[in-house]
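Text of the file protein-v8.cif, holding mmCIF, C-alpha atoms (C1' of nucleotides):
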```
data_model
loop_
_atom_site.label_atom_id
_atom_site.label_comp_id
_atom_site.auth_asym_id
_atom_site.auth_seq_id
_atom_site.Cartn_x
_atom_site.Cartn_y
_atom_site.Cartn_z
CA MET A 1 -3.51 161.72 50.02
CA SER A 2 -4.90 158.62 51.63
CA GLY A 3 -7.54 159.91 53.99
CA HIS A 4 -5.18 160.84 56.82
CA GLY A 5 -5.94 164.54 56.61
CA SER A 6 -7.45 164.38 60.07
CA ALA A 7 -4.09 163.26 61.44
CA VAL A 8 -2.45 166.28 59.84
CA ASP A 9 -4.97 168.64 61.38
CA MET A 10 -4.66 166.95 64.74
CA LEU A 11 -0.89 167.23 64.71
CA ARG A 12 -0.99 170.84 63.57
CA SER A 13 -3.46 171.74 66.32
CA GLN A 14 -1.03 170.21 68.80
CA GLY A 15 1.57 172.73 67.70
CA TYR A 16 3.56 170.50 65.39
CA ARG A 17 4.84 172.08 62.19
CA MET A 18 3.80 170.05 59.20
CA THR A 19 6.93 170.17 57.12
CA PRO A 20 7.17 168.53 53.70
CA GLN A 21 9.34 165.83 55.24
CA ARG A 22 6.73 164.97 57.85
CA LEU A 23 3.89 165.03 55.37
CA SER A 24 5.88 162.76 53.13
CA VAL A 25 6.62 160.22 55.86
CA LEU A 26 3.02 160.25 57.02
CA ASP A 27 1.79 159.83 53.47
CA ILE A 28 4.11 156.89 52.86
CA VAL A 29 3.07 155.02 55.99
CA ALA A 30 -0.61 155.79 55.34
CA SER A 31 -0.47 154.54 51.76
CA GLN A 32 0.84 151.19 52.93
CA GLN A 33 -1.65 148.49 53.81
CA GLY A 34 0.36 147.02 56.64
CA HIS A 35 3.63 147.69 58.42
CA ILE A 36 6.59 149.23 56.65
CA GLY A 37 10.25 149.25 57.62
CA VAL A 38 12.21 152.43 58.26
CA ASP A 39 14.57 151.80 55.34
CA GLU A 40 11.65 151.50 52.99
CA VAL A 41 10.07 154.69 54.29
CA TRP A 42 13.37 156.45 53.78
CA GLY A 43 13.75 155.11 50.27
CA LEU A 44 10.30 156.27 49.26
CA ALA A 45 10.75 159.64 50.95
CA ARG A 46 13.93 160.28 48.98
CA GLN A 47 12.01 159.80 45.78
CA GLN A 48 9.78 162.72 46.72
CA HIS A 49 12.45 165.09 48.00
CA PRO A 50 15.96 165.93 46.85
CA TYR A 51 17.18 164.92 50.26
CA VAL A 52 15.56 163.68 53.43
CA ASP A 53 17.81 162.64 56.25
CA LEU A 54 17.38 159.24 57.86
CA ALA A 55 17.38 160.91 61.27
CA THR A 56 14.40 162.99 60.23
CA VAL A 57 12.57 159.84 59.18
CA TYR A 58 13.27 158.25 62.56
CA ARG A 59 12.29 161.41 64.42
CA THR A 60 9.07 161.75 62.45
CA LEU A 61 8.08 158.14 62.99
CA GLN A 62 8.65 158.45 66.73
CA LEU A 63 6.62 161.64 66.70
CA LEU A 64 3.75 159.91 64.92
CA LYS A 65 3.95 157.09 67.42
CA ARG A 66 3.88 159.49 70.37
CA ALA A 67 0.89 161.25 68.84
CA GLY A 68 -0.98 157.95 68.51
CA VAL A 69 -1.03 158.04 64.72
CA VAL A 70 1.10 154.96 64.08
CA THR A 71 2.17 151.82 65.91
CA GLU A 72 5.65 150.42 66.16
CA VAL A 73 6.44 146.75 65.55
CA LEU A 74 9.87 145.30 66.11
CA ILE A 75 10.51 142.64 63.49
CA GLY A 76 13.83 140.93 63.84
CA ASN A 77 16.11 143.80 64.75
CA ARG A 78 14.30 146.39 62.66
CA LEU A 79 11.56 148.82 63.53
CA HIS A 80 8.45 148.82 61.42
CA PHE A 81 5.50 151.20 61.55
CA GLU A 82 1.85 150.95 60.71
CA MET A 83 -1.05 153.36 60.62
CA ILE A 84 -3.47 153.03 63.49
CA ASP A 85 -6.94 152.29 62.17
CA LYS A 86 -9.56 152.81 64.85
CA HIS A 87 -11.90 150.58 62.91
CA ASN A 88 -9.48 147.71 62.85
CA PRO A 89 -7.39 147.64 66.03
CA HIS A 90 -5.11 144.68 66.55
CA GLN A 91 -1.98 143.39 68.20
CA HIS A 92 0.96 141.73 66.50
CA MET A 93 2.55 138.35 66.96
CA VAL A 94 6.03 137.97 65.55
CA CYS A 95 7.77 134.65 65.00
CA SER A 96 11.32 135.04 66.24
CA SER A 97 12.41 132.23 63.97
CA CYS A 98 11.14 133.39 60.57
CA ASP A 99 10.05 136.98 61.34
CA SER A 100 6.52 136.33 60.13
CA VAL A 101 3.95 138.71 61.52
CA PHE A 102 0.41 137.76 62.50
CA THR A 103 -2.33 140.07 63.63
CA LEU A 104 -4.48 139.39 66.64
CA SER A 105 -7.90 140.67 67.56
CA PRO A 106 -7.88 142.97 70.61
CA ASP A 107 -10.53 140.68 72.11
CA TYR A 108 -7.80 138.32 73.17
CA LEU A 109 -6.22 140.80 75.53
CA ALA A 110 -9.13 143.02 76.52
CA GLY A 111 -9.77 141.21 79.78
CA PHE A 112 -6.09 141.06 80.60
CA SER A 113 -5.73 144.76 80.02
CA ARG A 114 -8.70 145.56 82.22
CA ARG A 115 -7.26 143.48 85.06
CA LEU A 116 -3.94 145.31 84.89
CA VAL A 117 -5.68 148.65 85.14
CA GLU A 118 -8.00 147.58 87.94
CA GLU A 119 -5.53 145.63 90.03
CA PHE A 120 -2.31 147.58 89.48
CA GLY A 121 -3.33 150.91 87.99
CA PHE A 122 -0.98 149.96 85.17
CA VAL A 123 -2.23 150.96 81.72
CA PRO A 124 -0.62 148.67 79.15
CA ASP A 125 0.25 150.05 75.75
CA LEU A 126 -1.47 147.31 73.79
CA GLU A 127 -1.31 149.31 70.59
CA ASN A 128 2.44 148.83 70.53
CA LEU A 129 2.54 145.41 72.14
CA THR A 130 4.29 142.73 70.16
CA ILE A 131 4.03 139.13 71.27
CA GLY A 132 7.13 137.17 70.41
CA GLY A 133 7.13 133.44 69.96
CA THR A 134 7.29 130.65 67.41
CA CYS A 135 4.77 130.10 64.64
CA LEU A 136 3.22 126.82 63.60
CA ALA A 137 5.30 126.42 60.46
CA CYS A 138 8.57 126.92 62.33
CA LEU A 139 7.53 124.57 65.11
CA GLN A 140 6.85 121.84 62.57
CA SER A 141 10.06 122.25 60.62
CA GLU A 142 11.92 122.40 63.91
CA GLN A 143 11.05 118.89 65.07
CA ALA A 144 13.09 117.25 62.32
CA MET B 1 28.20 129.51 93.84
CA SER B 2 24.55 130.32 94.17
CA GLY B 3 22.82 127.04 93.47
CA HIS B 4 23.07 127.25 89.70
CA GLY B 5 25.36 124.28 89.37
CA SER B 6 22.64 122.43 87.54
CA ALA B 7 22.67 125.10 84.86
CA VAL B 8 26.41 124.61 84.41
CA ASP B 9 25.99 120.84 84.02
CA MET B 10 23.10 121.33 81.65
CA LEU B 11 25.08 123.72 79.47
CA ARG B 12 28.15 121.49 79.49
CA SER B 13 26.06 118.47 78.51
CA GLN B 14 24.76 120.49 75.56
CA GLY B 15 28.32 120.83 74.33
CA TYR B 16 29.02 124.33 75.58
CA ARG B 17 32.47 124.98 76.99
CA MET B 18 32.27 126.45 80.42
CA THR B 19 34.97 129.05 80.28
CA PRO B 20 35.88 131.26 83.24
CA GLN B 21 34.16 134.17 81.49
CA ARG B 22 30.91 132.28 81.14
CA LEU B 23 31.01 130.96 84.67
CA SER B 24 31.64 134.47 85.88
CA VAL B 25 28.70 135.98 83.97
CA LEU B 26 26.39 133.20 85.08
CA ASP B 27 27.52 133.58 88.67
CA ILE B 28 26.92 137.32 88.58
CA VAL B 29 23.40 137.07 87.19
CA ALA B 30 22.58 134.21 89.57
CA SER B 31 23.78 136.09 92.63
CA GLN B 32 21.43 138.96 91.83
CA GLN B 33 17.93 138.85 93.25
CA GLY B 34 16.31 140.50 90.26
CA HIS B 35 17.29 141.78 86.86
CA ILE B 36 20.70 143.23 86.19
CA GLY B 37 21.91 145.44 83.35
CA VAL B 38 24.63 144.44 80.92
CA ASP B 39 26.92 147.26 82.05
CA GLU B 40 26.68 146.11 85.61
CA VAL B 41 27.39 142.51 84.66
CA TRP B 42 30.43 143.70 82.76
CA GLY B 43 31.65 145.81 85.65
CA LEU B 44 31.41 142.93 88.09
CA ALA B 45 32.97 140.49 85.65
CA ARG B 46 35.97 142.75 85.21
CA GLN B 47 36.56 142.63 88.94
CA GLN B 48 37.01 138.89 88.71
CA HIS B 49 39.16 138.75 85.60
CA PRO B 50 41.99 140.92 84.30
CA TYR B 51 39.96 141.51 81.16
CA VAL B 52 36.60 140.38 79.94
CA ASP B 53 35.36 141.84 76.70
CA LEU B 54 31.95 143.45 76.56
CA ALA B 55 31.17 141.40 73.46
CA THR B 56 31.78 138.25 75.44
CA VAL B 57 29.36 139.40 78.11
CA TYR B 58 26.71 140.06 75.45
CA ARG B 59 27.37 136.75 73.73
CA THR B 60 27.21 134.85 77.00
CA LEU B 61 23.97 136.50 78.08
CA GLN B 62 22.36 135.66 74.74
CA LEU B 63 23.62 132.12 75.09
CA LEU B 64 22.08 131.81 78.53
CA LYS B 65 18.84 133.22 77.18
CA ARG B 66 18.81 130.76 74.30
CA ALA B 67 19.47 127.93 76.73
CA GLY B 68 16.53 128.98 78.88
CA VAL B 69 18.67 129.89 81.86
CA VAL B 70 17.92 133.61 81.96
CA THR B 71 15.24 135.99 80.71
CA GLU B 72 15.78 139.25 78.93
CA VAL B 73 13.97 142.45 79.90
CA LEU B 74 14.27 145.64 77.90
CA ILE B 75 14.21 148.57 80.30
CA GLY B 76 14.40 151.93 78.58
CA ASN B 77 16.92 151.25 75.86
CA ARG B 78 19.00 148.82 77.86
CA LEU B 79 18.89 145.06 78.08
CA HIS B 80 18.65 143.49 81.50
CA PHE B 81 18.81 139.85 82.44
CA GLU B 82 17.41 137.74 85.21
CA MET B 83 17.77 134.15 86.31
CA ILE B 84 14.78 131.96 85.50
CA ASP B 85 13.42 130.46 88.68
CA LYS B 86 11.04 127.60 87.91
CA HIS B 87 9.50 128.04 91.33
CA ASN B 88 8.70 131.68 90.76
CA PRO B 89 7.85 132.28 87.10
CA HIS B 90 6.60 135.72 86.17
CA GLN B 91 6.25 138.30 83.43
CA HIS B 92 7.45 141.88 83.53
CA MET B 93 5.60 145.16 83.17
CA VAL B 94 7.80 148.16 82.41
CA CYS B 95 6.64 151.75 82.73
CA SER B 96 7.86 153.58 79.65
CA SER B 97 7.72 156.84 81.55
CA CYS B 98 9.85 156.07 84.62
CA ASP B 99 11.35 152.68 83.70
CA SER B 100 9.93 151.04 86.81
CA VAL B 101 9.58 147.30 86.55
CA PHE B 102 6.73 145.29 88.03
CA THR B 103 6.39 141.54 88.09
CA LEU B 104 3.22 139.74 87.11
CA SER B 105 1.99 136.28 87.99
CA PRO B 106 1.85 133.92 84.99
CA ASP B 107 -1.80 133.30 85.92
CA TYR B 108 -2.74 136.51 84.15
CA LEU B 109 -1.62 135.25 80.75
CA ALA B 110 -2.02 131.49 81.06
CA GLY B 111 -5.39 131.45 79.32
CA PHE B 112 -4.24 133.84 76.63
CA SER B 113 -1.20 131.71 75.93
CA ARG B 114 -3.30 128.56 75.67
CA ARG B 115 -5.64 130.22 73.19
CA LEU B 116 -2.76 131.29 70.97
CA VAL B 117 -1.43 127.76 70.87
CA GLU B 118 -4.82 126.18 70.28
CA GLU B 119 -6.18 128.63 67.75
CA PHE B 120 -3.04 129.64 65.86
CA GLY B 121 -0.41 127.08 66.73
CA PHE B 122 1.63 130.05 67.87
CA VAL B 123 3.68 129.42 71.00
CA PRO B 124 4.33 132.75 72.71
CA ASP B 125 7.60 133.29 74.52
CA LEU B 126 6.02 134.51 77.74
CA GLU B 127 9.26 134.10 79.62
CA ASN B 128 10.72 137.00 77.69
CA LEU B 129 7.52 138.98 77.25
CA THR B 130 7.61 142.51 78.54
CA ILE B 131 4.42 144.50 78.76
CA GLY B 132 5.01 148.18 78.20
CA GLY B 133 2.72 150.85 79.54
CA THR B 134 2.33 153.53 82.16
CA CYS B 135 2.35 152.91 85.89
CA LEU B 136 -0.04 154.37 88.45
CA ALA B 137 2.42 156.91 89.83
CA CYS B 138 3.24 158.28 86.39
CA LEU B 139 -0.43 158.44 85.42
CA GLN B 140 -1.16 160.51 88.51
CA SER B 141 1.70 162.95 88.10
CA GLU B 142 0.79 163.23 84.43
CA GLN B 143 -2.66 164.70 84.95
CA ALA B 144 -1.29 167.95 86.40
"C1'" DA C 1 50.82 114.19 79.58
"C1'" DT C 2 50.56 115.35 74.71
"C1'" DT C 3 48.21 116.43 70.93
"C1'" DA C 4 44.43 117.61 67.74
"C1'" DT C 5 40.13 119.70 67.25
"C1'" DT C 6 37.29 123.48 67.31
"C1'" DA C 7 34.46 126.53 70.30
"C1'" DG C 8 35.15 130.81 72.36
"C1'" DC C 9 37.91 134.79 73.06
"C1'" DG C 10 39.54 139.80 72.43
"C1'" DC C 11 39.46 143.13 69.20
"C1'" DA C 12 37.68 146.23 65.94
"C1'" DA C 13 34.35 147.34 62.75
"C1'" DA C 14 29.64 147.53 61.77
"C1'" DC C 15 24.77 147.43 62.81
"C1'" DG C 16 20.18 150.05 63.53
"C1'" DA C 17 18.74 153.84 66.14
"C1'" DT C 18 19.23 158.24 68.77
"C1'" DT C 19 20.97 162.82 69.89
"C1'" DG C 20 23.56 167.53 70.01
"C1'" DC C 21 24.15 171.38 67.40
"C1'" DA C 22 24.27 175.24 64.11
"C1'" DA C 23 21.71 176.56 60.06
"C1'" DT C 24 17.11 176.77 58.14
"C1'" DA C 25 12.36 177.22 57.40
"C1'" DA C 26 7.47 177.03 59.32
"C1'" DC C 27 4.47 179.44 61.75
"C1'" DT C 28 2.65 183.92 64.34
"C1'" DA C 29 1.81 188.58 65.01
"C1'" DG C 30 1.81 193.03 63.35
"C1'" DC D 1 3.60 190.99 53.24
"C1'" DT D 2 7.25 191.34 56.41
"C1'" DA D 3 9.83 190.44 60.46
"C1'" DG D 4 10.57 187.72 64.54
"C1'" DT D 5 10.40 183.29 67.07
"C1'" DT D 6 11.48 178.91 67.56
"C1'" DA D 7 10.58 174.12 65.99
"C1'" DT D 8 12.73 171.22 62.66
"C1'" DT D 9 16.26 170.03 59.64
"C1'" DG D 10 20.80 168.01 57.84
"C1'" DC D 11 24.80 166.55 59.54
"C1'" DA D 12 27.93 164.12 62.35
"C1'" DA D 13 28.92 161.97 66.44
"C1'" DT D 14 27.36 158.66 69.58
"C1'" DC D 15 24.41 155.22 71.70
"C1'" DG D 16 23.79 150.12 72.95
"C1'" DT D 17 24.31 145.84 70.66
"C1'" DT D 18 25.98 142.50 67.23
"C1'" DT D 19 29.26 140.36 64.15
"C1'" DG D 20 33.62 138.91 61.43
"C1'" DC D 21 38.00 137.39 62.13
"C1'" DG D 22 42.47 135.56 63.61
"C1'" DC D 23 44.40 133.84 68.01
"C1'" DT D 24 43.70 131.24 72.23
"C1'" DA D 25 42.32 127.89 75.18
"C1'" DA D 26 38.75 124.17 76.60
"C1'" DT D 27 37.79 119.72 75.67
"C1'" DA D 28 38.43 114.68 73.80
"C1'" DA D 29 41.45 111.09 72.18
"C1'" DT D 30 45.73 109.08 72.46
#
```
Representation of the structure as structure tokens:
Amino acid sequence: MSGHGSAVDMLRSQGYRMTPQRLSVLDIVASQQGHIGVDEVWGLARQQHPYVDLATVYRTLQLLKRAGVVTEVLIGNRLHFEMIDKHNPHQHMVCSSCDSVFTLSPDYLAGFSRRLVEEFGFVPDLENLTIGGTCLACLQSEQA
Amino acid sequence: MSGHGSAVDMLRSQGYRMTPQRLSVLDIVASQQGHIGVDEVWGLARQQHPYVDLATVYRTLQLLKRAGVVTEVLIGNRLHFEMIDKHNPHQHMVCSSCDSVFTLSPDYLAGFSRRLVEEFGFVPDLENLTIGGTCLACLQSEQA
DNA sequence: ATTATTAGCGCAAACGATTGCAATAACTAG
DNA sequence: CTAGTTATTGCAATCGTTTGCGCTAATAAT
């Protein structure tokens, strides 16, 4: 266990059944210190159980996202997931050229977010926001 | 033609062959006054040609995106495309609950973008940035 | 015009991800 | 502890999108 017991309790109190498959997926994502791809989650989950279906992994990850336990990051054409740490919130920047991921302090978008709420009543999902673009290294190797 | 002749010239000068299929797709997106889904582009393209393959529509739309002629907006689980109008640049906000799309003045993110470039050398692709979240109407009907 | 080059096409298969469904297992109440 | 209920699972089919591959047709040179 990696200190995510509170998430288990929270999910259970919301009526979710904590099956071995779900506990396994949660444990795998929580034991990672960063984002992890679905394939990798599946691979690790299969080591713990005779069989876990890929669909169950996907369903569980979406469930955890909906419950606010993990964030989703699209890297290339693959979904990755990461535990939400209230003590270290951040956004992600992904380079569309090399798929590098950079984290960004929420300070950068706090004002922007507030304006959207105040002026439009639109509450942005910053937790799952990914900013696409091109990183420094790729920009430099590009201008050849 | 809808005043996108310059795009055709630009693409041709970049070595792209302007086939009837491509001209058709470009014409369809350009004649729209907003974003249009891939299915709809395909449907309209098939009216103009005996047969246009869906893969060709996808390939052409990605080509136009790469060339900076159109922007991509993910609405629900479907890609939509929209002509880039230099005189009316904007970002998109999409409500993940009802799939409504709102446009946003680039003023809101200009400072943020500048900071990313200055501090990280990361150039965000604001043209294709979509801000997910929940709109006012959905927030209100949610708190029932 | 004719030809040579090669980018783009239709087609079909594959991709990552989601969903419908019958069987199963986690919870609840007694 | 047992029985009942229903959420979750494995499975398979399907979703929207992308890709590999020969054939075709758009361009450039003659």
Pick out the chain D residues within 9 Å of chain B. Count only C-alpha atoms (C1' of nucleotides). Give them as a tab-separated table (two decimals) with C-alpha atoms (C1' of nucleotides), in the frame of the given file.
```tsv
chain	number	residue	atom	x	y	z
D	16	DG	C1'	23.79	150.12	72.95
D	17	DT	C1'	24.31	145.84	70.66
D	18	DT	C1'	25.98	142.50	67.23
D	26	DA	C1'	38.75	124.17	76.60
D	27	DT	C1'	37.79	119.72	75.67
```
**Message:** Which residues are near Leu136 (chain B)? Cut-off 9 Å, only C-alpha atoms (C1' of nucleotides), ignore same chain within fewer than 5 positions. Put them as a list in words.
**Reply:** Val117, Phe120, Gly121, Phe122 and Val123 of chain A; Ser141 of chain B
**Target residues per the PyMOL selection byres ((chain C) within 12 of (chain A)), formatted as JSON, numbers by chain** = {"C": [15, 16, 17, 18, 19, 25, 26, 27, 28]}
**Request:** Pull out every residue of chain A sitting within 12 Å of chain B, counting all atoms listed in the file, and send them as JSON, numbers by chain.
**Result:** {"A": [66, 92, 93, 94, 95, 96, 97, 100, 101, 102, 103, 104, 105, 106, 107, 108, 109, 110, 111, 112, 113, 114, 115, 116, 117, 118, 119, 120, 121, 122, 123, 124, 125, 126, 127, 128, 129, 130, 131, 132, 133, 134, 135, 136, 137, 138, 139, 140]}
**Prompt:** Which residues match the PyMOL selection byres ((chain D and resi 24) around 12) in the file above, as a ChimeraX atom specification?
**Reply:** /C:6-10 /D:22-23,25-26
Taking C-alpha atoms (C1' of nucleotides) for each residue, export the selection above as a compact mmCIF listing (two decimals), keeping the file's coordinate frame.
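Listed below is the output, part.txt:
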```txt
# COMPACT_ATOMS: atom_id res chain seq x y z
C1' DT C 6 37.29 123.48 67.31
C1' DA C 7 34.46 126.53 70.30
C1' DG C 8 35.15 130.81 72.36
C1' DC C 9 37.91 134.79 73.06
C1' DG C 10 39.54 139.80 72.43
C1' DG D 22 42.47 135.56 63.61
C1' DC D 23 44.40 133.84 68.01
C1' DA D 25 42.32 127.89 75.18
C1' DA D 26 38.75 124.17 76.60
```
**Request:** Tell me, as a ChimeraX atom specification, which residues lie within 12 Å of DA29 (chain D), counting all atoms listed in the file; anything in the same chain fewer than 2 positions away does not count.
**Result:** /C:2-5 /D:27
**Prompt:** Quick one: which residues end up in the PyMOL selection byres ((chain C and resi 29) around 12) for this structure, as a PyMOL selection string?
**Reply:** (chain C and resi 27-28+30) or (chain D and resi 2-5)
**Asked** What is the distance, in Å and to one decimal place, between C1' of DA7 (chain D) and CA of Val70 (chain A)?
**Response**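 Spanning C1' of DA7 (chain D) to CA of Val70 (chain A) is a straight-line distance of 21.5 Å.
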**Message:** Residues within 9 Å of (21.6, 140.3, 78.0), file coordinates, counting only C-alpha atoms (C1' of nucleotides): what are they? Give the list as a list in words.
**Reply:** Ile36, Gly37, Val38, Val57, Tyr58, Arg59, Thr60, Leu61, Gln62, Leu63, Leu64, Lys65, Val70, Thr71, Glu72, Val73, Arg78, Leu79, His80, Phe81 and Glu82 of chain B
**Prompt:** When distances are computed from all atoms listed in the file, which of A:Gln47, A:Gly34, A:Asp53, A:Val25 shows the smallest separation from Asp85 (chain A)?
**Reply:**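 Closest residue, counting all atoms listed in the file: A:Gly34.
Picture a line from C1' of DC21 (chain D) to CA of Thr56 (chain B); it runs 14.7 Å.
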**Asked** Using all atoms listed in the file, which of the listed residues (B:Ser24, B:Ser6, B:Gln143, B:Gln91) sits closest to Gln48 (chain B)?
**Response**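 Looking at the shortest contact to Gln48 (chain B), the residue is B:Ser24.
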**Prompt:** By how many Å are CA of Val41 (chain A) and CA of Leu26 (chain A) apart?
**Reply:**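 CA of Leu26 (chain A) lies at a distance of 9.4 Å from CA of Val41 (chain A).
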**Request:** Tell me which of A:Val69, A:Val29, A:Leu11, A:Leu44 sits closest to Lys86 (chain A), counting all atoms listed in the file.
**Result:** A:Val69
Please return region 99-107 of chain B, rebuilt to all heavy atoms, as a compact mmCIF listing (two decimals), keeping the file's coordinate frame.
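result.txt was written with the following content:
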```txt
# COMPACT_ATOMS: atom_id res chain seq x y z
N ASP B 99 10.53 153.90 83.76
CA ASP B 99 11.35 152.68 83.70
C ASP B 99 11.22 151.77 84.92
O ASP B 99 12.07 150.90 85.13
CB ASP B 99 12.83 153.03 83.48
CG ASP B 99 13.09 153.45 82.04
OD1 ASP B 99 12.21 153.26 81.19
OD2 ASP B 99 14.20 153.97 81.77
N SER B 100 10.18 151.97 85.70
CA SER B 100 9.93 151.04 86.81
C SER B 100 9.53 149.68 86.26
O SER B 100 8.86 149.60 85.23
CB SER B 100 8.80 151.56 87.71
OG SER B 100 9.19 152.72 88.38
N VAL B 101 9.91 148.65 86.98
CA VAL B 101 9.58 147.30 86.55
C VAL B 101 8.70 146.63 87.60
O VAL B 101 8.99 146.71 88.79
CB VAL B 101 10.86 146.46 86.34
CG1 VAL B 101 10.50 145.05 85.89
CG2 VAL B 101 11.76 147.12 85.32
N PHE B 102 7.62 146.01 87.14
CA PHE B 102 6.73 145.29 88.03
C PHE B 102 6.65 143.85 87.55
O PHE B 102 6.70 143.58 86.35
CB PHE B 102 5.33 145.92 88.00
CG PHE B 102 5.33 147.39 88.28
CD1 PHE B 102 5.50 148.30 87.24
CD2 PHE B 102 5.19 147.87 89.58
CE1 PHE B 102 5.51 149.67 87.50
CE2 PHE B 102 5.19 149.23 89.83
CZ PHE B 102 5.35 150.14 88.80
N THR B 103 6.52 142.94 88.49
CA THR B 103 6.39 141.54 88.09
C THR B 103 4.93 141.14 88.11
O THR B 103 4.13 141.71 88.85
CB THR B 103 7.19 140.61 89.00
OG1 THR B 103 6.70 140.74 90.33
CG2 THR B 103 8.67 140.96 88.97
N LEU B 104 4.61 140.15 87.29
CA LEU B 104 3.22 139.74 87.11
C LEU B 104 3.15 138.23 87.16
O LEU B 104 3.94 137.53 86.52
CB LEU B 104 2.75 140.25 85.75
CG LEU B 104 1.28 140.07 85.40
CD1 LEU B 104 0.43 141.03 86.22
CD2 LEU B 104 1.07 140.31 83.92
N SER B 105 2.19 137.73 87.91
CA SER B 105 1.99 136.28 87.99
C SER B 105 1.63 135.72 86.61
O SER B 105 0.88 136.35 85.87
CB SER B 105 0.87 135.97 88.98
OG SER B 105 0.39 134.67 88.77
N PRO B 106 2.15 134.54 86.28
CA PRO B 106 1.85 133.92 84.99
C PRO B 106 0.37 133.57 84.85
O PRO B 106 -0.11 133.33 83.74
CB PRO B 106 2.72 132.66 84.96
CG PRO B 106 3.17 132.45 86.35
CD PRO B 106 3.12 133.76 87.05
N ASP B 107 -0.36 133.57 85.96
CA ASP B 107 -1.80 133.30 85.92
C ASP B 107 -2.51 134.25 84.97
O ASP B 107 -3.45 133.86 84.28
CB ASP B 107 -2.42 133.45 87.32
CG ASP B 107 -1.84 132.44 88.29
OD1 ASP B 107 -1.20 131.48 87.83
OD2 ASP B 107 -2.03 132.62 89.51
```
